[in-house]
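Before any comments, here is the structure.
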Amino acid sequence: MSDPKTFFLDEEEIPFEEGQTIIQAALSAGKFIPHLCYHPEFKPHGSCKLCTVRIDSRTVTTEDGQSVKIPGRAAASCTTPAQEGQHVESEVPEILDLRRTLVQMLLVEGNHYCPSCEKSGKCMLQGLAYDLGVMDPHFPQYFSKREVDASHPDVLLDFNRCILCELCVRASAEVDKKNVFALSGRGNTKHLICNSESGKLGDTNLAATDKAANVCPVGVILHKRHGFEVPYGQRRFDIAPISDNPVQYAPV
Ligand code: FES
């Protein structure tokens, strides 16, 4: 049997199977790469860019003997196939800064009030913000005006927290085969919608057991009568940082 192929992630050798992306191989090897729109059960989407890494930077020596680093290309690790011998940088200052900026932009674009959100402590956006050391929003708050849809008997939608990852859209289409959710609009008017004549969730055939109702990484799709069942301080990212939990990262 031939040796497994490997690449290097922050100088650590990572085995991979043909066809695996960088993030798939990294997570399988227990190495966390931040992500929001990636989910192992769905086709990669490549929209949030939290998983950006730098590939194959190199150092050259100039005529006067100086070492100069030529940055490699930046790429989303969820859509980039792993390749033999590749050198991938993830936990480096430039990439960590980029991820912090992306998280800050997401935090100001929506209305994320963590202290009152029942997803606090198990929200991937909040978990990544803590992990990346985001201490403030940096950008002015956008204060987008968004509704809450409480029309469904079992599931509540709080659009204020949507990060447009499309996990619910993909889950509803690919797993549930219901197409309950979609994105509508462009640019800063892009938003999540429900596919029913009234536009209300209560007029769709979503069930609380559907994949789409259980895949939201933030606090948009919430189950009624279950909020705060696990108290703050005892939730998954209260107990261990998101980066300590590279494989069981799927939202709960
Ligand atoms: Fe790769 Fe979102 S996780 S772009």
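Identifiers in the structure tokens: chain A, B, ... in order shown; residue index from 1 per chain; ligand index from 1 in order shown.
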*From a DSSP calculation on the backbone, collect every residue of segment 43-245 of chain A in alpha helix (DSSP H) and output the set as an MDAnalysis selection string.*
chainID A and resid 93:109 124:132 167:170 236:239
Listing only residues of chain A within 7 Å of ligand 1, what is the closest atom pair and its distance in Å (to one decimal) for each, using only C-alpha atoms and all ligand atoms, sorted by chain and residue number ascending, as a tab-separated table?
```
residue	atom	partner	partner_atom_place_in_ligand_line	distance
A:His35	CA	ligand 1	3 (S)	3.8
A:Leu36	CA	ligand 1	3 (S)	4.9
A:Cys37	CA	ligand 1	2 (Fe)	4.0
A:Tyr38	CA	ligand 1	3 (S)	4.0
A:His45	CA	ligand 1	4 (S)	6.3
A:Gly46	CA	ligand 1	4 (S)	3.4
A:Ser47	CA	ligand 1	4 (S)	4.4
A:Cys48	CA	ligand 1	2 (Fe)	3.8
A:Lys49	CA	ligand 1	4 (S)	3.7
A:Leu50	CA	ligand 1	2 (Fe)	5.4
A:Cys51	CA	ligand 1	1 (Fe)	4.5
A:Thr52	CA	ligand 1	1 (Fe)	6.7
A:Ala76	CA	ligand 1	1 (Fe)	5.1
A:Ser77	CA	ligand 1	1 (Fe)	5.8
A:Cys78	CA	ligand 1	1 (Fe)	4.3
A:Thr79	CA	ligand 1	1 (Fe)	6.6
```
*Shell around Phe16 of chain A at 10 Å using only C-alpha atoms, local window under 3 positions removed, as an MDAnalysis selection string*: chainID A and resid 4:7 13 19:22 24:26 28:29 81:84
Would you export the selected residues with all heavy atoms as a short mmCIF file (atom, residue, chain, number, x, y, z; two decimals), in the first residue's frame, please?
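This went into selection27.cif:
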```
data_model
loop_
_atom_site.label_atom_id
_atom_site.label_comp_id
_atom_site.auth_asym_id
_atom_site.auth_seq_id
_atom_site.Cartn_x
_atom_site.Cartn_y
_atom_site.Cartn_z
N PRO A 4 0.28 7.53 2.49
CA PRO A 4 -0.74 8.55 2.22
C PRO A 4 -0.09 9.84 1.74
O PRO A 4 1.04 10.15 2.10
CB PRO A 4 -1.41 8.74 3.59
CG PRO A 4 -0.45 8.24 4.60
CD PRO A 4 0.38 7.20 3.91
N LYS A 5 -0.83 10.55 0.92
CA LYS A 5 -0.32 11.85 0.49
C LYS A 5 -0.42 12.82 1.66
O LYS A 5 -1.31 12.70 2.51
CB LYS A 5 -1.16 12.37 -0.67
CG LYS A 5 -1.01 11.53 -1.91
CD LYS A 5 -1.77 12.14 -3.04
CE LYS A 5 -1.49 11.35 -4.31
NZ LYS A 5 -2.17 11.88 -5.45
N THR A 6 0.48 13.78 1.67
CA THR A 6 0.45 14.76 2.76
C THR A 6 0.69 16.17 2.24
O THR A 6 1.28 16.35 1.17
CB THR A 6 1.54 14.46 3.83
OG1 THR A 6 2.82 14.51 3.20
CG2 THR A 6 1.32 13.12 4.50
N PHE A 7 0.22 17.12 3.00
CA PHE A 7 0.60 18.52 2.79
C PHE A 7 0.97 19.09 4.15
O PHE A 7 0.88 18.40 5.17
CB PHE A 7 -0.54 19.32 2.12
CG PHE A 7 -1.76 19.51 2.97
CD1 PHE A 7 -1.96 20.69 3.70
CD2 PHE A 7 -2.73 18.52 3.07
CE1 PHE A 7 -3.09 20.87 4.48
CE2 PHE A 7 -3.86 18.68 3.85
CZ PHE A 7 -4.04 19.87 4.56
N GLU A 13 2.67 18.18 9.19
CA GLU A 13 2.32 17.31 8.07
C GLU A 13 0.92 16.73 8.28
O GLU A 13 0.61 16.17 9.33
CB GLU A 13 3.35 16.19 7.95
CG GLU A 13 3.36 15.54 6.60
CD GLU A 13 4.59 14.68 6.37
OE1 GLU A 13 5.37 14.47 7.33
OE2 GLU A 13 4.75 14.19 5.24
N GLY A 19 -9.01 14.00 -3.46
CA GLY A 19 -10.34 14.59 -3.54
C GLY A 19 -10.73 15.37 -2.30
O GLY A 19 -11.70 16.11 -2.32
N GLN A 20 -9.99 15.20 -1.21
CA GLN A 20 -10.33 15.98 -0.01
C GLN A 20 -9.90 17.43 -0.16
O GLN A 20 -8.85 17.71 -0.77
CB GLN A 20 -9.62 15.40 1.22
CG GLN A 20 -10.37 14.30 1.93
CD GLN A 20 -9.75 13.96 3.28
OE1 GLN A 20 -8.53 13.86 3.40
NE2 GLN A 20 -10.59 13.78 4.28
N THR A 21 -10.68 18.31 0.41
CA THR A 21 -10.25 19.71 0.44
C THR A 21 -9.30 19.91 1.62
O THR A 21 -9.19 19.04 2.50
CB THR A 21 -11.46 20.65 0.60
OG1 THR A 21 -12.14 20.29 1.79
CG2 THR A 21 -12.40 20.55 -0.59
N ILE A 22 -8.68 21.08 1.65
CA ILE A 22 -7.73 21.36 2.74
C ILE A 22 -8.46 21.30 4.08
O ILE A 22 -7.97 20.71 5.05
CB ILE A 22 -7.09 22.75 2.52
CG1 ILE A 22 -6.16 22.69 1.31
CG2 ILE A 22 -6.33 23.21 3.76
CD1 ILE A 22 -5.62 24.04 0.86
N GLN A 24 -11.21 19.70 4.92
CA GLN A 24 -11.62 18.34 5.26
C GLN A 24 -10.45 17.56 5.86
O GLN A 24 -10.58 16.89 6.87
CB GLN A 24 -12.14 17.61 4.02
CG GLN A 24 -13.54 18.04 3.63
CD GLN A 24 -13.97 17.46 2.27
OE1 GLN A 24 -13.14 17.18 1.42
NE2 GLN A 24 -15.26 17.29 2.10
N ALA A 25 -9.30 17.66 5.21
CA ALA A 25 -8.13 16.93 5.70
C ALA A 25 -7.68 17.48 7.05
O ALA A 25 -7.34 16.73 7.96
CB ALA A 25 -6.99 17.04 4.68
N ALA A 26 -7.71 18.80 7.19
CA ALA A 26 -7.27 19.42 8.44
C ALA A 26 -8.17 19.00 9.60
O ALA A 26 -7.70 18.59 10.66
CB ALA A 26 -7.26 20.95 8.30
N SER A 28 -10.12 16.41 9.80
CA SER A 28 -9.96 14.98 10.07
C SER A 28 -8.71 14.72 10.90
O SER A 28 -8.66 13.77 11.67
CB SER A 28 -9.84 14.17 8.78
OG SER A 28 -10.93 14.40 7.97
N ALA A 29 -7.70 15.56 10.71
CA ALA A 29 -6.45 15.39 11.46
C ALA A 29 -6.50 16.11 12.81
O ALA A 29 -5.50 16.18 13.52
CB ALA A 29 -5.28 15.91 10.63
N PRO A 81 -8.81 21.95 -3.16
CA PRO A 81 -8.35 20.58 -2.93
C PRO A 81 -6.96 20.57 -2.30
O PRO A 81 -6.11 21.40 -2.64
CB PRO A 81 -8.31 19.97 -4.33
CG PRO A 81 -9.04 20.92 -5.22
CD PRO A 81 -8.99 22.26 -4.59
N ALA A 82 -6.76 19.63 -1.39
CA ALA A 82 -5.41 19.43 -0.83
C ALA A 82 -4.52 18.84 -1.92
O ALA A 82 -4.98 18.06 -2.75
CB ALA A 82 -5.49 18.47 0.35
N GLN A 83 -3.27 19.28 -1.92
CA GLN A 83 -2.32 18.75 -2.91
C GLN A 83 -1.02 18.36 -2.24
O GLN A 83 -0.58 19.02 -1.29
CB GLN A 83 -2.05 19.80 -3.99
CG GLN A 83 -3.24 19.95 -4.92
CD GLN A 83 -2.99 20.93 -6.04
OE1 GLN A 83 -1.85 21.22 -6.36
NE2 GLN A 83 -4.05 21.43 -6.62
N GLU A 84 -0.45 17.31 -2.76
CA GLU A 84 0.80 16.76 -2.23
C GLU A 84 1.87 17.85 -2.09
O GLU A 84 2.11 18.62 -3.02
CB GLU A 84 1.29 15.68 -3.21
CG GLU A 84 2.61 15.04 -2.85
CD GLU A 84 2.44 13.93 -1.83
OE1 GLU A 84 1.59 13.07 -2.03
OE2 GLU A 84 3.17 13.93 -0.83
#
```
Do you know which residues are at most 9 Å from Lys145 of chain A counting only C-alpha atoms, after dropping those on the same chain fewer than 6 positions away, and could you put them as a compact mmCIF listing (two decimals) with C-alpha atoms, in the first residue's frame?
```txt
# COMPACT_ATOMS: atom_id res chain seq x y z
CA GLY A 110 -26.61 41.93 11.61
CA ASN A 111 -28.10 42.69 15.00
CA ASN A 160 -31.52 39.80 12.69
```
_From a backbone DSSP assignment, name each residue in segment 26-199 of chain A labelled strand (DSSP E), as a ChimeraX atom specification._
/A:52-55,58-61,67-70,73-76,87-89,148-149,155-158,181-184,191-194
*Pick out the residues sitting within 12 Å of Glu229 of chain A, and hand them over as a list in words; count only C-alpha atoms, and ignore anything fewer than 5 positions along from it in its own chain.*
Glu118, Lys119, His223, Lys224, Gln234 and Arg235 of chain A
*So which residues touch Lys190 of chain A within 12 Å, counting only C-alpha atoms, skipping near sequence neighbours fewer than 5 positions away, as a count of residues only?*
14
*Between A:Gly199, A:Ile242, A:Ile33, A:Pro231, single out the one closest to Glu147 of chain A, counting only C-alpha atoms.*
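When distances to Glu147 of chain A are compared using only C-alpha atoms, the smallest one comes from A:Gly199.
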_Glu41 of chain A environment, 10 Å, only C-alpha atoms, sequence neighbours closer than 6 positions dropped, as a ChimeraX atom specification_ = /A:167,170-171,174-175,250
